[in-house]
Structure formats: structure tokens, C-alpha cells
$ cat final_2.cif   # mmCIF, C-alpha atoms and all ligand atoms
data_coords
loop_
_atom_site.group_PDB
_atom_site.id
_atom_site.type_symbol
_atom_site.label_atom_id
_atom_site.label_comp_id
_atom_site.auth_asym_id
_atom_site.auth_seq_id
_atom_site.Cartn_x
_atom_site.Cartn_y
_atom_site.Cartn_z
ATOM 1 C CA MET V 113 0.000 0.000 0.000
ATOM 2 C CA ASN V 114 1.224 3.488 -0.812
ATOM 3 C CA SER V 115 1.946 5.606 2.219
ATOM 4 C CA ILE V 116 0.657 9.149 2.697
ATOM 5 C CA LEU V 117 3.415 10.169 5.110
ATOM 6 C CA LYS V 118 6.390 8.015 5.989
ATOM 7 C CA CYS V 119 9.683 8.511 7.768
ATOM 8 C CA GLU V 120 12.624 6.137 7.681
ATOM 9 C CA ASN V 121 15.615 5.978 10.002
ATOM 10 C CA ILE V 122 15.355 9.590 11.127
ATOM 11 C CA LYS V 123 18.211 10.906 13.233
ATOM 12 C CA PHE V 124 18.337 14.379 14.701
ATOM 13 C CA SER V 125 20.590 16.220 17.156
ATOM 14 C CA TYR V 126 20.752 19.799 18.381
ATOM 15 C CA GLY V 127 24.530 20.236 18.418
ATOM 16 C CA LYS V 128 25.865 17.348 20.492
ATOM 17 C CA THR V 129 22.496 16.519 22.052
ATOM 18 C CA GLU V 130 20.863 13.658 20.210
ATOM 19 C CA VAL V 131 17.042 13.885 20.304
ATOM 20 C CA LEU V 132 15.890 11.272 17.798
ATOM 21 C CA SER V 133 18.105 8.301 17.068
ATOM 22 C CA ASP V 134 16.309 6.023 14.563
ATOM 23 C CA LEU V 135 12.674 6.821 13.925
ATOM 24 C CA ASN V 136 10.412 4.919 11.577
ATOM 25 C CA PHE V 137 6.700 5.105 10.998
ATOM 26 C CA SER V 138 4.137 5.546 8.292
ATOM 27 C CA VAL V 139 0.540 6.639 7.838
ATOM 28 C CA ASN V 140 -1.239 4.850 5.016
ATOM 29 C CA THR V 141 -4.917 5.652 5.479
ATOM 30 C CA PRO V 142 -7.064 8.549 6.675
ATOM 31 C CA SER V 143 -6.692 7.814 10.357
ATOM 32 C CA ILE V 144 -5.748 9.552 13.577
ATOM 33 C CA THR V 145 -2.252 8.750 14.802
ATOM 34 C CA GLY V 146 -1.084 9.742 18.259
ATOM 35 C CA ILE V 147 2.522 10.551 19.131
ATOM 36 C CA LYS V 148 3.048 10.212 22.837
ATOM 37 C CA GLY V 149 5.994 11.400 24.879
ATOM 38 C CA PRO V 150 6.797 13.515 27.908
ATOM 39 C CA SER V 151 7.894 17.123 27.615
ATOM 40 C CA GLY V 152 11.329 17.304 26.005
ATOM 41 C CA SER V 153 11.092 13.899 24.299
ATOM 42 C CA GLY V 154 11.227 15.347 20.771
ATOM 43 C CA LYS V 155 7.601 15.596 19.593
ATOM 44 C CA THR V 156 7.858 19.164 18.264
ATOM 45 C CA THR V 157 11.216 18.338 16.705
ATOM 46 C CA LEU V 158 9.698 15.313 14.947
ATOM 47 C CA PHE V 159 6.825 17.439 13.600
ATOM 48 C CA GLY V 160 9.314 19.990 12.285
ATOM 49 C CA ILE V 161 11.111 17.188 10.454
ATOM 50 C CA LEU V 162 7.881 15.668 9.077
ATOM 51 C CA SER V 163 6.719 19.006 7.722
ATOM 52 C CA GLY V 164 9.823 20.117 5.842
ATOM 53 C CA LEU V 165 10.890 22.720 8.409
ATOM 54 C CA LEU V 166 13.844 20.926 9.978
ATOM 55 C CA ASN V 167 16.294 18.845 7.966
ATOM 56 C CA PRO V 168 17.059 15.515 9.651
ATOM 57 C CA ASP V 169 20.734 14.580 10.121
ATOM 58 C CA ALA V 170 19.982 11.231 8.493
ATOM 59 C CA GLY V 171 16.960 9.365 7.156
ATOM 60 C CA LYS V 172 14.137 10.161 4.760
ATOM 61 C CA VAL V 173 10.658 11.637 4.901
ATOM 62 C CA TYR V 174 8.221 10.759 2.116
ATOM 63 C CA LEU V 175 4.961 12.566 1.431
ATOM 64 C CA ASN V 176 2.846 10.605 -1.061
ATOM 65 C CA GLU V 177 6.044 8.715 -1.982
ATOM 66 C CA ILE V 178 7.966 11.948 -2.676
ATOM 67 C CA ASP V 179 11.247 12.386 -0.800
ATOM 68 C CA ILE V 180 10.624 15.832 0.731
ATOM 69 C CA TYR V 181 14.269 16.662 1.476
ATOM 70 C CA LYS V 182 15.566 15.568 -1.935
ATOM 71 C CA ASN V 183 15.455 19.083 -3.317
ATOM 72 C CA TYR V 184 14.065 22.528 -2.694
ATOM 73 C CA LYS V 185 11.051 21.968 -4.940
ATOM 74 C CA ASN V 186 9.940 18.899 -2.964
ATOM 75 C CA LYS V 187 10.419 20.727 0.310
ATOM 76 C CA ILE V 188 8.139 23.564 -0.828
ATOM 77 C CA LEU V 189 5.562 21.022 -1.963
ATOM 78 C CA ALA V 190 5.671 19.410 1.488
ATOM 79 C CA ARG V 191 5.171 22.774 3.190
ATOM 80 C CA LYS V 192 2.102 23.372 1.043
ATOM 81 C CA LYS V 193 0.579 19.930 1.443
ATOM 82 C CA ILE V 194 1.129 19.475 5.166
ATOM 83 C CA GLY V 195 -1.326 21.360 7.352
ATOM 84 C CA LEU V 196 0.369 22.466 10.536
ATOM 85 C CA VAL V 197 -1.387 23.289 13.764
ATOM 86 C CA PHE V 198 1.476 24.289 16.020
ATOM 87 C CA GLN V 199 1.503 25.039 19.725
ATOM 88 C CA ASN V 200 1.587 28.817 19.382
ATOM 89 C CA TYR V 201 -0.973 28.654 16.521
ATOM 90 C CA ASN V 202 1.034 31.120 14.409
ATOM 91 C CA LEU V 203 -1.938 33.396 13.855
ATOM 92 C CA ILE V 204 -1.094 36.878 12.586
ATOM 93 C CA ARG V 205 -2.189 39.382 15.264
ATOM 94 C CA GLU V 206 -2.872 42.254 12.870
ATOM 95 C CA LEU V 207 -5.307 40.206 10.766
ATOM 96 C CA THR V 208 -8.857 39.120 11.569
ATOM 97 C CA VAL V 209 -9.864 35.475 11.824
ATOM 98 C CA PHE V 210 -11.225 35.585 8.274
ATOM 99 C CA GLN V 211 -8.066 37.209 6.881
ATOM 100 C CA ASN V 212 -5.835 34.738 8.733
ATOM 101 C CA ILE V 213 -7.630 31.865 7.014
ATOM 102 C CA GLN V 214 -7.931 33.601 3.664
ATOM 103 C CA ILE V 215 -4.137 33.859 3.338
ATOM 104 C CA VAL V 216 -3.910 30.110 2.998
ATOM 105 C CA GLU V 217 -6.864 29.897 0.651
ATOM 106 C CA ASP V 218 -5.114 32.432 -1.578
ATOM 107 C CA LEU V 219 -1.875 30.457 -1.504
ATOM 108 C CA VAL V 220 -3.357 27.124 -2.421
ATOM 109 C CA ARG V 221 -6.100 26.602 -4.982
ATOM 110 C CA ASN V 222 -8.623 24.723 -2.967
ATOM 111 C CA ASN V 223 -11.439 22.647 -4.398
ATOM 112 C CA ARG V 224 -12.226 20.391 -1.484
ATOM 113 C CA PHE V 225 -13.345 22.943 1.089
ATOM 114 C CA LYS V 226 -14.953 26.356 0.944
ATOM 115 C CA ILE V 227 -13.859 28.869 3.533
ATOM 116 C CA GLU V 228 -17.434 29.594 4.733
ATOM 117 C CA GLU V 229 -18.133 25.889 5.110
ATOM 118 C CA ILE V 230 -14.989 25.446 7.169
ATOM 119 C CA LEU V 231 -15.877 28.372 9.429
ATOM 120 C CA GLU V 232 -19.302 26.818 9.914
ATOM 121 C CA LYS V 233 -17.909 23.382 10.712
ATOM 122 C CA MET V 234 -15.405 24.785 13.174
ATOM 123 C CA ASN V 235 -18.125 26.805 14.831
ATOM 124 C CA ILE V 236 -16.258 30.076 14.320
ATOM 125 C CA SER V 237 -18.475 31.847 11.752
ATOM 126 C CA ASP V 238 -19.438 34.494 14.306
ATOM 127 C CA LEU V 239 -15.781 35.183 15.134
ATOM 128 C CA LYS V 240 -14.770 36.126 11.577
ATOM 129 C CA SER V 241 -14.088 39.784 12.287
ATOM 130 C CA ARG V 242 -12.275 39.271 15.564
ATOM 131 C CA TYR V 243 -8.515 39.496 16.014
ATOM 132 C CA PRO V 244 -6.518 36.596 17.549
ATOM 133 C CA ASP V 245 -6.029 38.521 20.819
ATOM 134 C CA GLN V 246 -9.824 38.639 21.213
ATOM 135 C CA LEU V 247 -10.173 34.836 21.154
ATOM 136 C CA SER V 248 -9.955 32.165 23.810
ATOM 137 C CA ILE V 249 -7.294 29.485 23.465
ATOM 138 C CA GLY V 250 -9.898 26.964 22.287
ATOM 139 C CA GLN V 251 -11.157 29.405 19.648
ATOM 140 C CA ARG V 252 -7.620 30.132 18.437
ATOM 141 C CA GLN V 253 -7.062 26.432 18.151
ATOM 142 C CA ARG V 254 -10.138 26.066 15.941
ATOM 143 C CA VAL V 255 -9.020 28.975 13.754
ATOM 144 C CA ALA V 256 -5.613 27.320 13.369
ATOM 145 C CA ILE V 257 -7.268 24.038 12.350
ATOM 146 C CA ALA V 258 -9.576 25.882 9.912
ATOM 147 C CA ARG V 259 -6.568 27.576 8.361
ATOM 148 C CA ALA V 260 -4.734 24.277 7.992
ATOM 149 C CA LEU V 261 -7.799 22.764 6.288
ATOM 150 C CA CYS V 262 -8.038 25.644 3.820
ATOM 151 C CA GLY V 263 -4.702 24.595 2.363
ATOM 152 C CA ASN V 264 -6.359 21.336 1.226
ATOM 153 C CA PRO V 265 -3.608 19.341 2.956
ATOM 154 C CA SER V 266 -2.631 15.714 2.380
ATOM 155 C CA VAL V 267 -2.175 15.366 6.129
ATOM 156 C CA ILE V 268 -2.638 17.514 9.253
ATOM 157 C CA LEU V 269 -0.005 17.631 11.989
ATOM 158 C CA ALA V 270 -1.241 19.021 15.289
ATOM 159 C CA ASP V 271 1.343 19.578 17.998
ATOM 160 C CA GLU V 272 -0.262 19.197 21.454
ATOM 161 C CA PRO V 273 -3.622 20.551 20.275
ATOM 162 C CA THR V 274 -5.324 19.634 23.534
ATOM 163 C CA GLY V 275 -2.508 20.788 25.795
ATOM 164 C CA SER V 276 -3.917 24.076 27.064
ATOM 165 C CA VAL V 277 -7.686 23.795 26.602
ATOM 166 C CA ASP V 278 -10.444 22.992 29.074
ATOM 167 C CA PRO V 279 -12.252 19.605 28.925
ATOM 168 C CA SER V 280 -15.220 20.822 26.832
ATOM 169 C CA ASN V 281 -12.972 22.463 24.239
ATOM 170 C CA LYS V 282 -10.790 19.381 24.248
ATOM 171 C CA LYS V 283 -13.790 17.273 23.276
ATOM 172 C CA ASN V 284 -14.745 19.752 20.521
ATOM 173 C CA ILE V 285 -11.256 19.701 19.090
ATOM 174 C CA LEU V 286 -11.038 15.911 19.153
ATOM 175 C CA GLU V 287 -14.423 15.661 17.431
ATOM 176 C CA LEU V 288 -13.144 18.024 14.759
ATOM 177 C CA PHE V 289 -10.244 15.684 14.122
ATOM 178 C CA LEU V 290 -12.698 12.803 13.766
ATOM 179 C CA HIS V 291 -14.541 14.892 11.186
ATOM 180 C CA ILE V 292 -11.317 15.654 9.320
ATOM 181 C CA LYS V 293 -10.517 11.948 9.231
ATOM 182 C CA LYS V 294 -14.019 11.251 7.878
ATOM 183 C CA VAL V 295 -13.493 13.617 4.955
ATOM 184 C CA GLY V 296 -10.349 11.643 4.102
ATOM 185 C CA ILE V 297 -7.451 13.543 5.654
ATOM 186 C CA PRO V 298 -5.134 11.746 8.084
ATOM 187 C CA VAL V 299 -4.287 13.572 11.298
ATOM 188 C CA ILE V 300 -1.185 13.146 13.448
ATOM 189 C CA ILE V 301 -1.481 14.505 16.975
ATOM 190 C CA SER V 302 1.208 14.809 19.609
ATOM 191 C CA SER V 303 0.095 14.763 23.203
ATOM 192 C CA HIS V 304 0.667 13.420 26.657
ATOM 193 C CA ASP V 305 -2.993 13.186 27.486
ATOM 194 C CA GLN V 306 -4.790 9.836 27.707
ATOM 195 C CA THR V 307 -8.218 11.180 26.607
ATOM 196 C CA THR V 308 -6.620 12.352 23.378
ATOM 197 C CA PHE V 309 -5.178 8.908 22.668
ATOM 198 C CA GLU V 310 -8.614 7.340 23.053
ATOM 199 C CA PHE V 311 -9.548 9.157 19.818
ATOM 200 C CA CYS V 312 -6.526 7.742 17.980
ATOM 201 C CA ASP V 313 -6.501 4.687 15.717
ATOM 202 C CA LYS V 314 -2.849 4.084 16.522
ATOM 203 C CA VAL V 315 -0.474 5.454 19.121
ATOM 204 C CA PHE V 316 3.306 5.597 18.951
ATOM 205 C CA SER V 317 5.393 6.633 21.894
ATOM 206 C CA ILE V 318 8.789 8.290 21.834
ATOM 207 C CA ASN V 319 10.939 6.311 24.181
ATOM 208 C CA GLU V 320 14.704 6.616 24.513
ATOM 209 C CA LYS V 321 14.853 8.585 21.226
ATOM 210 C CA LEU V 322 12.985 5.801 19.407
ATOM 211 C CA LEU V 323 9.363 5.441 18.333
ATOM 212 C CA MET V 324 7.422 2.363 19.466
ATOM 213 C CA GLU V 325 3.929 1.371 18.452
ATOM 214 C CA GLU V 326 1.691 0.944 21.483
ATOM 215 C CA TYR V 327 -0.808 -1.864 21.735
ATOM 216 C CA THR V 328 -3.830 -1.142 23.851
HETATM 217 N N1 LIG V 401 16.309 24.894 19.104
HETATM 218 C C1 LIG V 401 16.774 24.045 20.005
HETATM 219 N N2 LIG V 401 18.087 24.038 20.338
HETATM 220 C C2 LIG V 401 18.595 23.173 21.237
HETATM 221 N N3 LIG V 401 17.874 22.223 21.866
HETATM 222 C C3 LIG V 401 16.571 22.167 21.578
HETATM 223 C C4 LIG V 401 15.947 23.066 20.647
HETATM 224 N N4 LIG V 401 14.618 22.762 20.556
HETATM 225 C C5 LIG V 401 14.429 21.733 21.404
HETATM 226 N N5 LIG V 401 15.583 21.368 22.012
HETATM 227 C C6 LIG V 401 15.766 20.246 22.968
HETATM 228 O O1 LIG V 401 15.431 19.055 22.269
HETATM 229 C C7 LIG V 401 14.671 18.171 23.078
HETATM 230 C C8 LIG V 401 13.345 17.870 22.410
HETATM 231 O O2 LIG V 401 12.557 19.040 22.369
HETATM 232 P P1 LIG V 401 11.103 19.097 21.738
HETATM 233 O O3 LIG V 401 11.138 18.518 20.381
HETATM 234 O O4 LIG V 401 10.618 20.498 21.868
HETATM 235 O O5 LIG V 401 10.297 18.112 22.720
HETATM 236 P P2 LIG V 401 8.736 18.036 23.052
HETATM 237 O O6 LIG V 401 7.997 18.725 21.955
HETATM 238 O O7 LIG V 401 8.454 16.571 23.142
HETATM 239 O O8 LIG V 401 8.556 18.712 24.371
HETATM 240 C C9 LIG V 401 14.548 18.861 24.441
HETATM 241 O O9 LIG V 401 15.547 18.355 25.261
HETATM 242 C C10 LIG V 401 14.784 20.312 24.121
HETATM 243 O O10 LIG V 401 15.321 20.992 25.215
HETATM 244 MG MG MG V 402 6.629 20.245 22.014
#
$ encode --input "final_2.cif" --output "C-alpha cells"
Amino acid sequence: MNSILKCENIKFSYGKTEVLSDLNFSVNTPSITGIKGPSGSGKTTLFGILSGLLNPDAGKVYLNEIDIYKNYKNKILARKKIGLVFQNYNLIRELTVFQNIQIVEDLVRNNRFKIEEILEKMNISDLKSRYPDQLSIGQRQRVAIARALCGNPSVILADEPTGSVDPSNKKNILELFLHIKKVGIPVIISSHDQTTFEFCDKVFSINEKLLMEEYT
């Protein structure tokens, strides 16, 4: 079976500090994959590597069978086709919710989703004219997910999306991921929260710089 996102023998160090020593995994179907690991275990680093932002010291990352670090063109393609929902949400403070999402829609010709539909689904239609500073953390999170979806991504990577939200927002966010999976987009979520893993089809944990599949 062709993989959607795959990494092989990934090694990564910050200077002399090795963080990831030999990581392998692949996502082949629209599913929710959990990446588990305590703070400092390398989850954000791994997401940087998977999304074309951080070159690994060794190993390969393939998006739809394309080696994303082979050349500059492939790396740009990966950045466009991987929807990132990062911990600080990366929303632009000077732009409204609508404008923040529109940027991505302008960058990528998008046939699968319409911006208004996405706003509706994320339950943020009435927040369109607000600025990021006027939103709760849960609302910012939903805007960040909406923006990632507007890029019509092959896969969504969400780094600790449920880390700083209250239980009711956590449930909303996890249900959104189930919806995204249903429309055919795989989601990879990093977390250290058990409730989050209950929504995952598969969970891998980062242990001693390696990734192990967990059987539950
Ligand atoms: N830019 C950086 N320079 C040096 N060390 C870093 C840098 N970013 C992260 N680290 C270190 O790499 C390890 C993994 O960090 P990170 O990927 O952020 O883990 P997690 O997301 O699981 O908390 C930690 O020990 C962290 O201190
Ligand atoms: Mg992190």
C-alpha cells in the first residue's frame, strides 16, 4: 500500500544533544495517529522534520512517496501539502480570523473545502471579524485548524492541540479531528494526554529517542 506520510531511520541532534536516534513510521490511510511522549522527548522536533521545516541529520521523509528533502522543490511542496497546527498557533495578530484563514486559501487553490463551510464546521463563523487577541485558546485552536484545512492538505499535523484547553474544548477539538478523518485527511497529533489517545486509531510513543507502536 502506498503511504501518505512516511519517515525512515530519522536521526536528529541539536549540536551534540541527540534527540531522535532512529525513527520509523508511516501513515497509510485517513486515520488519527497519536505521538506520545513527555515534555522534552522530541515531539515538536519530529513534527518539524515531518513538515519540511527541519532537515534531519539522516533518514528520509516521504509525502505521497515523494522524498521531501531531496530538493528545494519537494520541500516547498511538502510545506504546502502538510497542514500544521502548532503550539503557538502562528496566527497573525494584525489580521482578523477571516483574513488569517484567507491567506492560505489564496496560496493554495482549494477545491475540497470552501472557507465559509470550514468556518461553519469549526463553529467560528461568528468570530470572523475578531482578532486573535480577542479569542480564547480553544477558539484560536479552531481557527488554526480551519486555516490548515483551507490549504487542502494531504495530512494535518497538530502539535499538542489539547494541551492548554479545558475539557469541553478538548472534546470539541477531538471531534473536529474525527470529522477531518471522515473527509479523508489523516491527522497526526502529539500529546501526553490519555483522553486524546482514546480518539486515535494508533499510538506511537517516543521512548529513549525511538518510536514504538503501542498496543492497547
Ligand atoms: N532549538 C533548540 N536548540 C537546542 N535544543 C533544543 C531546541 N529545541 C528543542 N531542544 C531540545 O530538544 C529536546 C526535544 O525538544 P522538543 O522537540 O521540543 O520536545 P517536546 O515537543 O516533546 O517537548 C529537548 O531536550 C529540548 O530541550
Ligand atoms: Mg513540544
$ closest_residue --input "final_2.cif" --among "V:Thr157, V:Asn176, V:Asn114, V:Asn284" --to "ligand MG 402 (chain V)" --atoms "all atoms listed in the file"
V:Thr157
$ atom_distance --input "final_2.cif" --atom1 "atom O4 of ligand LIG 401 (chain V)" --atom2 "CA of Leu207 (chain V)"
27.7 Å
$ residues_around --input "final_2.cif" --residues "Ala170 (chain V)" --least-positions-apart "6" --cutoff "8 Å" --atoms "only C-alpha atoms" --output "VMD selection string"
chain V and resid 121 to 124
$ resolve_selection --input "final_2.cif" --expression "the PyMOL selection byres (((not hetatm)) within 8 of (chain V and resi 401))" --output "PyMOL selection string"
chain V and resi 125-127+129-131+149-158+271
$ resolve_selection --input "final_2.cif" --expression "the PyMOL selection byres (((chain V and resi 286) around 10) and not hetatm)" --output "list of chain:residue names"
V:Ile144, V:Pro273, V:Thr274, V:Asn281, V:Lys282, V:Lys283, V:Asn284, V:Ile285, V:Glu287, V:Leu288, V:Phe289, V:Leu290, V:His291, V:Ile292, V:Ile301, V:Thr307, V:Thr308, V:Phe309, V:Glu310, V:Phe311, V:Cys312
$ write_last_selection --input "final_2.cif" --atoms "C-alpha atoms" --output "PDB file, in the coordinates of the input"
ATOM      1  CA  ILE V 144      -5.748   9.552  13.577  1.00  0.00           C
ATOM      2  CA  PRO V 273      -3.622  20.551  20.275  1.00  0.00           C
ATOM      3  CA  THR V 274      -5.324  19.634  23.534  1.00  0.00           C
ATOM      4  CA  ASN V 281     -12.972  22.463  24.239  1.00  0.00           C
ATOM      5  CA  LYS V 282     -10.790  19.381  24.248  1.00  0.00           C
ATOM      6  CA  LYS V 283     -13.790  17.273  23.276  1.00  0.00           C
ATOM      7  CA  ASN V 284     -14.745  19.752  20.521  1.00  0.00           C
ATOM      8  CA  ILE V 285     -11.256  19.701  19.090  1.00  0.00           C
ATOM      9  CA  GLU V 287     -14.423  15.661  17.431  1.00  0.00           C
ATOM     10  CA  LEU V 288     -13.144  18.024  14.759  1.00  0.00           C
ATOM     11  CA  PHE V 289     -10.244  15.684  14.122  1.00  0.00           C
ATOM     12  CA  LEU V 290     -12.698  12.803  13.766  1.00  0.00           C
ATOM     13  CA  HIS V 291     -14.541  14.892  11.186  1.00  0.00           C
ATOM     14  CA  ILE V 292     -11.317  15.654   9.320  1.00  0.00           C
ATOM     15  CA  ILE V 301      -1.481  14.505  16.975  1.00  0.00           C
ATOM     16  CA  THR V 307      -8.218  11.180  26.607  1.00  0.00           C
ATOM     17  CA  THR V 308      -6.620  12.352  23.378  1.00  0.00           C
ATOM     18  CA  PHE V 309      -5.178   8.908  22.668  1.00  0.00           C
ATOM     19  CA  GLU V 310      -8.614   7.340  23.053  1.00  0.00           C
ATOM     20  CA  PHE V 311      -9.548   9.157  19.818  1.00  0.00           C
ATOM     21  CA  CYS V 312      -6.526   7.742  17.980  1.00  0.00           C
TER      22      CYS V 312
END
$ closest_residue --input "final_2.cif" --among "V:Lys293, V:Lys148, V:Lys185, V:Lys314" --to "Glu272 (chain V)" --atoms "only C-alpha atoms"
V:Lys148
$ atom_distance --input "final_2.cif" --atom1 "CA of Val255 (chain V)" --atom2 "CA of Val277 (chain V)"
13.9 Å
$ decode --input "final_2.cif" --residues "region 156-241 of chain V" --atoms "C-alpha atoms" --output "compact mmCIF listing (two decimals), in the first residue's frame"
# COMPACT_ATOMS: atom_id res chain seq x y z
CA THR V 156 7.86 19.16 18.26
CA THR V 157 11.22 18.34 16.70
CA LEU V 158 9.70 15.31 14.95
CA PHE V 159 6.82 17.44 13.60
CA GLY V 160 9.31 19.99 12.28
CA ILE V 161 11.11 17.19 10.45
CA LEU V 162 7.88 15.67 9.08
CA SER V 163 6.72 19.01 7.72
CA GLY V 164 9.82 20.12 5.84
CA LEU V 165 10.89 22.72 8.41
CA LEU V 166 13.84 20.93 9.98
CA ASN V 167 16.29 18.84 7.97
CA PRO V 168 17.06 15.52 9.65
CA ASP V 169 20.73 14.58 10.12
CA ALA V 170 19.98 11.23 8.49
CA GLY V 171 16.96 9.37 7.16
CA LYS V 172 14.14 10.16 4.76
CA VAL V 173 10.66 11.64 4.90
CA TYR V 174 8.22 10.76 2.12
CA LEU V 175 4.96 12.57 1.43
CA ASN V 176 2.85 10.60 -1.06
CA GLU V 177 6.04 8.72 -1.98
CA ILE V 178 7.97 11.95 -2.68
CA ASP V 179 11.25 12.39 -0.80
CA ILE V 180 10.62 15.83 0.73
CA TYR V 181 14.27 16.66 1.48
CA LYS V 182 15.57 15.57 -1.94
CA ASN V 183 15.45 19.08 -3.32
CA TYR V 184 14.07 22.53 -2.69
CA LYS V 185 11.05 21.97 -4.94
CA ASN V 186 9.94 18.90 -2.96
CA LYS V 187 10.42 20.73 0.31
CA ILE V 188 8.14 23.56 -0.83
CA LEU V 189 5.56 21.02 -1.96
CA ALA V 190 5.67 19.41 1.49
CA ARG V 191 5.17 22.77 3.19
CA LYS V 192 2.10 23.37 1.04
CA LYS V 193 0.58 19.93 1.44
CA ILE V 194 1.13 19.47 5.17
CA GLY V 195 -1.33 21.36 7.35
CA LEU V 196 0.37 22.47 10.54
CA VAL V 197 -1.39 23.29 13.76
CA PHE V 198 1.48 24.29 16.02
CA GLN V 199 1.50 25.04 19.73
CA ASN V 200 1.59 28.82 19.38
CA TYR V 201 -0.97 28.65 16.52
CA ASN V 202 1.03 31.12 14.41
CA LEU V 203 -1.94 33.40 13.85
CA ILE V 204 -1.09 36.88 12.59
CA ARG V 205 -2.19 39.38 15.26
CA GLU V 206 -2.87 42.25 12.87
CA LEU V 207 -5.31 40.21 10.77
CA THR V 208 -8.86 39.12 11.57
CA VAL V 209 -9.86 35.47 11.82
CA PHE V 210 -11.22 35.59 8.27
CA GLN V 211 -8.07 37.21 6.88
CA ASN V 212 -5.84 34.74 8.73
CA ILE V 213 -7.63 31.87 7.01
CA GLN V 214 -7.93 33.60 3.66
CA ILE V 215 -4.14 33.86 3.34
CA VAL V 216 -3.91 30.11 3.00
CA GLU V 217 -6.86 29.90 0.65
CA ASP V 218 -5.11 32.43 -1.58
CA LEU V 219 -1.87 30.46 -1.50
CA VAL V 220 -3.36 27.12 -2.42
CA ARG V 221 -6.10 26.60 -4.98
CA ASN V 222 -8.62 24.72 -2.97
CA ASN V 223 -11.44 22.65 -4.40
CA ARG V 224 -12.23 20.39 -1.48
CA PHE V 225 -13.35 22.94 1.09
CA LYS V 226 -14.95 26.36 0.94
CA ILE V 227 -13.86 28.87 3.53
CA GLU V 228 -17.43 29.59 4.73
CA GLU V 229 -18.13 25.89 5.11
CA ILE V 230 -14.99 25.45 7.17
CA LEU V 231 -15.88 28.37 9.43
CA GLU V 232 -19.30 26.82 9.91
CA LYS V 233 -17.91 23.38 10.71
CA MET V 234 -15.40 24.78 13.17
CA ASN V 235 -18.13 26.80 14.83
CA ILE V 236 -16.26 30.08 14.32
CA SER V 237 -18.47 31.85 11.75
CA ASP V 238 -19.44 34.49 14.31
CA LEU V 239 -15.78 35.18 15.13
CA LYS V 240 -14.77 36.13 11.58
CA SER V 241 -14.09 39.78 12.29
